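Some notes on the structure that comes next.
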Amino acid sequence: MTEKESATDNVTADVVTPSPAKSLGDPGITPLSPSHSMKDPDQNLQTGPTYTVVVAIDFGTTSSGYAYSFTKEPECIHTMRRWEGGDPGVSNQKTPTTILLTPDRKFHSFGYAARDFYHDLDPTETKHWLYLEKFKMKLHTTANLSIDTDLHAANGKRVKALDIFAYALGFFKDQALKELSDQVGTEFDNADVRWVITVPAIWKQPAKQFMREAAYKSSLVPRDNPEQLIIALEPEAASIYCRKLRLHQMIDLGSKSTVNGYSPTDNVGAGMTQGDRYVVVDCGGGTVDLTVHQIRLPEGHLKELYKASGGPYGSIGVDYEFEKLLCKIFGPDFIDQFKIKRPAAWVDLMIAFESRKRAAAPDRTNPLNINLPFSFIDYYKKFRGHSVEHALRKSNVDFVKWSSQGMLRMNPDAMNALFKPTIDHIIQHLGELFEKPEVTNIKFLFLVGGFAESPLLQQAIQTMLQGRSRIIIPHDVGLTILKGAVLFGLDPGVIKVRRSPLTYGVGVLNRYVEGKHPPDKMLVKDGTRWCTDVFDTFIACDQSVALGETVKRSYTPAKPSQQVIVINVYCSEREQVGFISDAGVRKCGTLRLDVSGTESPAARREIQTLMQFGDTEIRAMAVDVATSRSVKASINFLGQ
């Protein structure tokens, strides 16, 4: 056998002797011939069960909802029934992402129902009930996310995140199936539904896998039929929907009106043309996601031009600033106590703030009044021995006064100041993105997600772009992702090329080359010199990868009797990685090959592994070369 150079130039190992890696506690891997193969795209068409309906769940940080479409009439997307108990001044197509568990930790209610019930509980009872909101961000902010990650309820008690996410998905499953059953007049079978769950594009693999685990736990889909659930990336879903927009369905910020001058049946800007590039800015409650796409006609397939970027700069950042303002006025010790002792009143206060937050605008001159709940005023007097009014007079916070009707009166400048840190982050990120060489000639910028409705954010983006791209806001901006996710579920192959957010690979042994390899990496075994810890790159950061494209590697069990091969997968934000010990390289998952029952007479079994990086999740398949039998392969990114 001859040595083969891999595409990444750092693997030249092709060893017939059993791998000496065993002595290092590694499962004995030496790559055979690394190669990169393009599958014929048509082979990739899934010949699985056909689904009669696609249901997408937009599980948001602040609000959630579902939409569906029957595969027979894909153009007709239904958004869920109106919810009971909406807030004044807030459109209630989606429901708040809030969940309530009984004192014995059973699911009680979700959304407005959870909030209203919790609110009506006697204060002595709220201590025992578990109420959670804005909990989705925990999946983004937890560095070492695992199946056992905890969340904190409003009363300070801990609950398993997996249980909460599973309860929420179970709630949406029941709601959607009930609505579908009513539509068709008979009980709708869950097996006929293809489910889609949306997640931010900047989420790492563990968070995506966590969502999938929660879906299995909630029986949304059975574990042995993973294909029934698709994880969709929020800005991708928005992108799929936006490129189909008709002119009467959107607002062009440049002309600040529905786009005129074209017939309303034209597509965006009188048609997207071959090769048009656009940016989708998805501003949600928790995160902001930036995606750059290019359209390939006539099919309208999409190609990602730059890896997804963004960060935790959603609209809840404004809520945190409000909380910081309250701490400044009333003292952090009081606010912390109030949240624990009067959790329902705290929720009330944040709801009151939410509706005023939506009234903030660049040209506003009259003050915004925020109702302080009676129990806030009462508890503050007990806690401090003086009145809320006294605290406001004493605090040196400008622009916030006490109005005689028992309200906080905020000058518009004070409100705008609460938006500033979050909006500054978004603008900084956008500015950096537009400086990348891949991000030139951007024709449109689509602004989507709930936070996109903020006039303050719209103005800031307009000022930053200075007319470089047309800023388009779909009319139903809060439902854009939901509708796009349904379209994605109907045709998951629409996004043909993505960019890898990270560099992925494994550690291997190579023949030691004097002068090329560092002496401290040398290992001598049976008279042969090896270089340890070499990083074998599967895919590099920001590398283009087509749907269905596979990375092939062959592995050999260290001993013929070995039942399972477990290989550590490493990742890095750098494009070029030499060794798994390099700075910035971390272990991020394990590739597990179950080779039991594939014993073969061959002296050396070769297990060929195929990994796919072109989809929204990373997948692995494997086959025993000698017997052509399929080997169970899985990649796990959730530290157990």
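In the structure tokens, chains take letters A, B, ... by order of appearance, with residues numbered from 1 within each chain and ligands from 1 in the order shown.
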Non-local contacts of segment 93-107 of chain A (6 Å; only C-alpha atoms; under 5 positions in same chain excluded) as number ranges by chain: A: 62-65, 82, 114, 128-133
Picked from segment 179-311 of chain A by DSSP as strand (DSSP E or B), as a ChimeraX atom specification: /A:193-199,229-233,246,250-252,257-258,267,277-283,288-296,301-311
Using only C-alpha atoms, find each residue in segment 475-553 of chain A having at least one atom no more than 8 Å away from segment 287-305 of chain A; report its shortest atom-to-atom pair and that distance in Å (one decimal), rows by chain then rising number, as a Markdown table.
```
| residue | atom | partner | partner_atom | distance |
| --- | --- | --- | --- | --- |
| A:Val494 | CA | A:His301 | CA | 5.1 |
| A:Ile495 | CA | A:Leu302 | CA | 4.7 |
| A:Lys496 | CA | A:Lys303 | CA | 5.8 |
| A:Val497 | CA | A:Lys303 | CA | 4.6 |
| A:Arg498 | CA | A:Glu304 | CA | 4.8 |
| A:Arg499 | CA | A:Glu304 | CA | 6.2 |
| A:Ser544 | CA | A:Glu304 | CA | 7.9 |
```
Residue neighbourhood Glu573 of chain A, 8 Å, only C-alpha atoms, exclusion window fewer than 5 positions, as a list in words: Pro501, Leu502, Thr503, Cys541, Gly584 and Val585 of chain A
Go ahead and write the selection's residues with all heavy atoms as a PDB file, in the first residue's frame.
```pdb
ATOM      1  N   PRO A 501     -18.467  25.950  11.132  1.00  0.00           N
ATOM      2  CA  PRO A 501     -18.165  26.990  12.126  1.00  0.00           C
ATOM      3  C   PRO A 501     -16.848  26.745  12.862  1.00  0.00           C
ATOM      4  O   PRO A 501     -16.280  27.660  13.427  1.00  0.00           O
ATOM      5  CB  PRO A 501     -19.353  26.919  13.083  1.00  0.00           C
ATOM      6  CG  PRO A 501     -19.939  25.565  12.896  1.00  0.00           C
ATOM      7  CD  PRO A 501     -19.612  25.119  11.509  1.00  0.00           C
ATOM      8  N   LEU A 502     -16.374  25.490  12.857  1.00  0.00           N
ATOM      9  CA  LEU A 502     -15.150  25.147  13.580  1.00  0.00           C
ATOM     10  C   LEU A 502     -14.312  24.179  12.750  1.00  0.00           C
ATOM     11  O   LEU A 502     -14.792  23.584  11.789  1.00  0.00           O
ATOM     12  CB  LEU A 502     -15.494  24.456  14.917  1.00  0.00           C
ATOM     13  CG  LEU A 502     -16.223  25.270  15.987  1.00  0.00           C
ATOM     14  CD1 LEU A 502     -16.759  24.353  17.076  1.00  0.00           C
ATOM     15  CD2 LEU A 502     -15.302  26.316  16.599  1.00  0.00           C
ATOM     16  N   THR A 503     -13.056  24.009  13.162  1.00  0.00           N
ATOM     17  CA  THR A 503     -12.211  22.961  12.590  1.00  0.00           C
ATOM     18  C   THR A 503     -12.405  21.706  13.443  1.00  0.00           C
ATOM     19  O   THR A 503     -12.329  21.780  14.675  1.00  0.00           O
ATOM     20  CB  THR A 503     -10.728  23.401  12.636  1.00  0.00           C
ATOM     21  OG1 THR A 503     -10.573  24.552  11.804  1.00  0.00           O
ATOM     22  CG2 THR A 503      -9.803  22.299  12.147  1.00  0.00           C
ATOM     23  N   CYS A 541     -12.249  25.217   9.733  1.00  0.00           N
ATOM     24  CA  CYS A 541     -13.140  26.321  10.065  1.00  0.00           C
ATOM     25  C   CYS A 541     -13.403  27.189   8.833  1.00  0.00           C
ATOM     26  O   CYS A 541     -12.474  27.518   8.103  1.00  0.00           O
ATOM     27  CB  CYS A 541     -12.447  27.138  11.149  1.00  0.00           C
ATOM     28  SG  CYS A 541     -13.372  28.544  11.688  1.00  0.00           S
ATOM     29  N   GLY A 584      -5.926  26.356  22.074  1.00  0.00           N
ATOM     30  CA  GLY A 584      -7.224  26.577  21.442  1.00  0.00           C
ATOM     31  C   GLY A 584      -7.891  25.312  20.923  1.00  0.00           C
ATOM     32  O   GLY A 584      -9.014  25.361  20.437  1.00  0.00           O
ATOM     33  N   VAL A 585      -7.186  24.176  21.021  1.00  0.00           N
ATOM     34  CA  VAL A 585      -7.807  22.912  20.586  1.00  0.00           C
ATOM     35  C   VAL A 585      -8.433  22.264  21.817  1.00  0.00           C
ATOM     36  O   VAL A 585      -7.797  22.184  22.868  1.00  0.00           O
ATOM     37  CB  VAL A 585      -6.762  21.944  19.977  1.00  0.00           C
ATOM     38  CG1 VAL A 585      -7.410  20.613  19.612  1.00  0.00           C
ATOM     39  CG2 VAL A 585      -6.124  22.577  18.751  1.00  0.00           C
TER      40      VAL A 585
END
```
Counting only C-alpha atoms, the residue of A:Met410, A:Leu169, A:Ile147, A:Ala452 that sits nearest Gly285 of chain A: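 That would be A:Ala452, the residue with the smallest distance to Gly285 of chain A.
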Ala460 of chain A surroundings by only C-alpha atoms, 9 Å radius, close-in-sequence under 4 positions cut, as a ChimeraX atom specification: /A:423-424,427,455-456,464-465
Limited to N, CA and C atoms, could you put the picked residues into a file as a PDB file, in the first residue's frame?
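Saved as out_0.pdb:
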```pdb
ATOM      1  N   ILE A 423     -27.746  47.154  21.406  1.00  0.00           N
ATOM      2  CA  ILE A 423     -27.688  47.603  20.017  1.00  0.00           C
ATOM      3  C   ILE A 423     -26.237  47.845  19.588  1.00  0.00           C
ATOM      4  N   ASP A 424     -25.415  48.402  20.489  1.00  0.00           N
ATOM      5  CA  ASP A 424     -23.996  48.610  20.160  1.00  0.00           C
ATOM      6  C   ASP A 424     -23.307  47.293  19.796  1.00  0.00           C
ATOM      7  N   ILE A 427     -24.435  46.247  16.278  1.00  0.00           N
ATOM      8  CA  ILE A 427     -23.833  47.094  15.248  1.00  0.00           C
ATOM      9  C   ILE A 427     -22.348  46.769  15.083  1.00  0.00           C
ATOM     10  N   PRO A 455     -37.795  50.204  16.540  1.00  0.00           N
ATOM     11  CA  PRO A 455     -37.363  51.326  15.698  1.00  0.00           C
ATOM     12  C   PRO A 455     -35.945  51.791  16.037  1.00  0.00           C
ATOM     13  N   LEU A 456     -35.551  51.646  17.309  1.00  0.00           N
ATOM     14  CA  LEU A 456     -34.198  52.050  17.705  1.00  0.00           C
ATOM     15  C   LEU A 456     -33.153  51.191  16.990  1.00  0.00           C
ATOM     16  N   MET A 464     -25.594  52.642  10.264  1.00  0.00           N
ATOM     17  CA  MET A 464     -24.337  51.923  10.042  1.00  0.00           C
ATOM     18  C   MET A 464     -24.117  51.582   8.573  1.00  0.00           C
ATOM     19  N   LEU A 465     -25.183  51.153   7.888  1.00  0.00           N
ATOM     20  CA  LEU A 465     -25.023  50.684   6.502  1.00  0.00           C
ATOM     21  C   LEU A 465     -24.858  51.828   5.496  1.00  0.00           C
TER      22      LEU A 465
END
```
Residue neighbourhood Ile316 of chain A, 12 Å, only C-alpha atoms, exclusion window fewer than 3 positions, as an MDAnalysis selection string: chainID A and resid 60:63 133:137 283:288 312:313 319:323 350 353:354 357 418:419 421:423 450:451
Selection: 10 Å around Val388 of chain A, only C-alpha atoms, excl. self and same-chain fewer than 3 positions, as number ranges by chain: A: 329-330, 372, 376-381, 384-385, 391-394, 402, 406, 408
How would the residues just picked look written out with N, CA and C atoms as a PDB file, in the first residue's frame?
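Contents of result-v3.pdb, freshly written:
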```
ATOM      1  N   ILE A 329     -31.302  52.101  41.707  1.00  0.00           N
ATOM      2  CA  ILE A 329     -32.235  52.959  42.445  1.00  0.00           C
ATOM      3  C   ILE A 329     -32.593  52.367  43.813  1.00  0.00           C
ATOM      4  N   PHE A 330     -32.947  51.069  43.825  1.00  0.00           N
ATOM      5  CA  PHE A 330     -33.490  50.469  45.056  1.00  0.00           C
ATOM      6  C   PHE A 330     -32.507  49.568  45.794  1.00  0.00           C
ATOM      7  N   LEU A 372     -45.497  50.249  38.865  1.00  0.00           N
ATOM      8  CA  LEU A 372     -44.842  49.411  39.871  1.00  0.00           C
ATOM      9  C   LEU A 372     -45.940  48.650  40.607  1.00  0.00           C
ATOM     10  N   PHE A 376     -44.547  45.648  45.263  1.00  0.00           N
ATOM     11  CA  PHE A 376     -43.177  46.191  45.174  1.00  0.00           C
ATOM     12  C   PHE A 376     -43.048  47.379  46.130  1.00  0.00           C
ATOM     13  N   ILE A 377     -44.030  48.272  46.038  1.00  0.00           N
ATOM     14  CA  ILE A 377     -44.041  49.487  46.867  1.00  0.00           C
ATOM     15  C   ILE A 377     -44.127  49.109  48.355  1.00  0.00           C
ATOM     16  N   ASP A 378     -45.013  48.156  48.635  1.00  0.00           N
ATOM     17  CA  ASP A 378     -45.259  47.690  49.994  1.00  0.00           C
ATOM     18  C   ASP A 378     -44.024  46.990  50.577  1.00  0.00           C
ATOM     19  N   TYR A 379     -43.468  46.068  49.793  1.00  0.00           N
ATOM     20  CA  TYR A 379     -42.324  45.283  50.272  1.00  0.00           C
ATOM     21  C   TYR A 379     -41.097  46.179  50.452  1.00  0.00           C
ATOM     22  N   TYR A 380     -40.962  47.187  49.579  1.00  0.00           N
ATOM     23  CA  TYR A 380     -39.810  48.085  49.688  1.00  0.00           C
ATOM     24  C   TYR A 380     -39.862  48.856  51.013  1.00  0.00           C
ATOM     25  N   LYS A 381     -41.083  49.308  51.367  1.00  0.00           N
ATOM     26  CA  LYS A 381     -41.240  50.074  52.610  1.00  0.00           C
ATOM     27  C   LYS A 381     -40.884  49.201  53.825  1.00  0.00           C
ATOM     28  N   ARG A 384     -36.887  48.576  53.651  1.00  0.00           N
ATOM     29  CA  ARG A 384     -35.969  49.699  53.873  1.00  0.00           C
ATOM     30  C   ARG A 384     -36.425  50.670  54.960  1.00  0.00           C
ATOM     31  N   GLY A 385     -37.750  50.630  55.246  1.00  0.00           N
ATOM     32  CA  GLY A 385     -38.256  51.577  56.231  1.00  0.00           C
ATOM     33  C   GLY A 385     -38.525  52.956  55.653  1.00  0.00           C
ATOM     34  N   ALA A 391     -36.652  56.787  47.748  1.00  0.00           N
ATOM     35  CA  ALA A 391     -35.512  56.130  47.083  1.00  0.00           C
ATOM     36  C   ALA A 391     -35.199  56.810  45.751  1.00  0.00           C
ATOM     37  N   LEU A 392     -36.246  57.134  45.000  1.00  0.00           N
ATOM     38  CA  LEU A 392     -36.042  57.772  43.700  1.00  0.00           C
ATOM     39  C   LEU A 392     -35.441  59.166  43.849  1.00  0.00           C
ATOM     40  N   ARG A 393     -35.921  59.900  44.877  1.00  0.00           N
ATOM     41  CA  ARG A 393     -35.373  61.243  45.097  1.00  0.00           C
ATOM     42  C   ARG A 393     -33.913  61.163  45.496  1.00  0.00           C
ATOM     43  N   LYS A 394     -33.600  60.150  46.323  1.00  0.00           N
ATOM     44  CA  LYS A 394     -32.252  60.006  46.875  1.00  0.00           C
ATOM     45  C   LYS A 394     -31.259  59.476  45.826  1.00  0.00           C
ATOM     46  N   TRP A 402     -40.599  59.739  39.956  1.00  0.00           N
ATOM     47  CA  TRP A 402     -41.772  59.056  40.517  1.00  0.00           C
ATOM     48  C   TRP A 402     -42.988  59.874  40.140  1.00  0.00           C
ATOM     49  N   GLY A 406     -48.230  56.481  41.058  1.00  0.00           N
ATOM     50  CA  GLY A 406     -47.579  55.235  41.465  1.00  0.00           C
ATOM     51  C   GLY A 406     -46.835  54.574  40.329  1.00  0.00           C
ATOM     52  N   LEU A 408     -43.185  54.561  37.724  1.00  0.00           N
ATOM     53  CA  LEU A 408     -41.858  55.069  37.386  1.00  0.00           C
ATOM     54  C   LEU A 408     -42.023  55.848  36.085  1.00  0.00           C
TER      55      LEU A 408
END
```
Which of A:Ser403, A:Thr50, A:Asn366, A:Thr126 sits closest to Gln228 of chain A [using only C-alpha atoms]: A:Thr50
Selected residue, from A:Glu617, A:Phe637, A:Gly507, A:Ala485, that lies nearest to Gly548 of chain A when counting only C-alpha atoms: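 Checking each of A:Glu617, A:Phe637, A:Gly507, A:Ala485 against Gly548 of chain A, counting only C-alpha atoms, the winner is A:Glu617.
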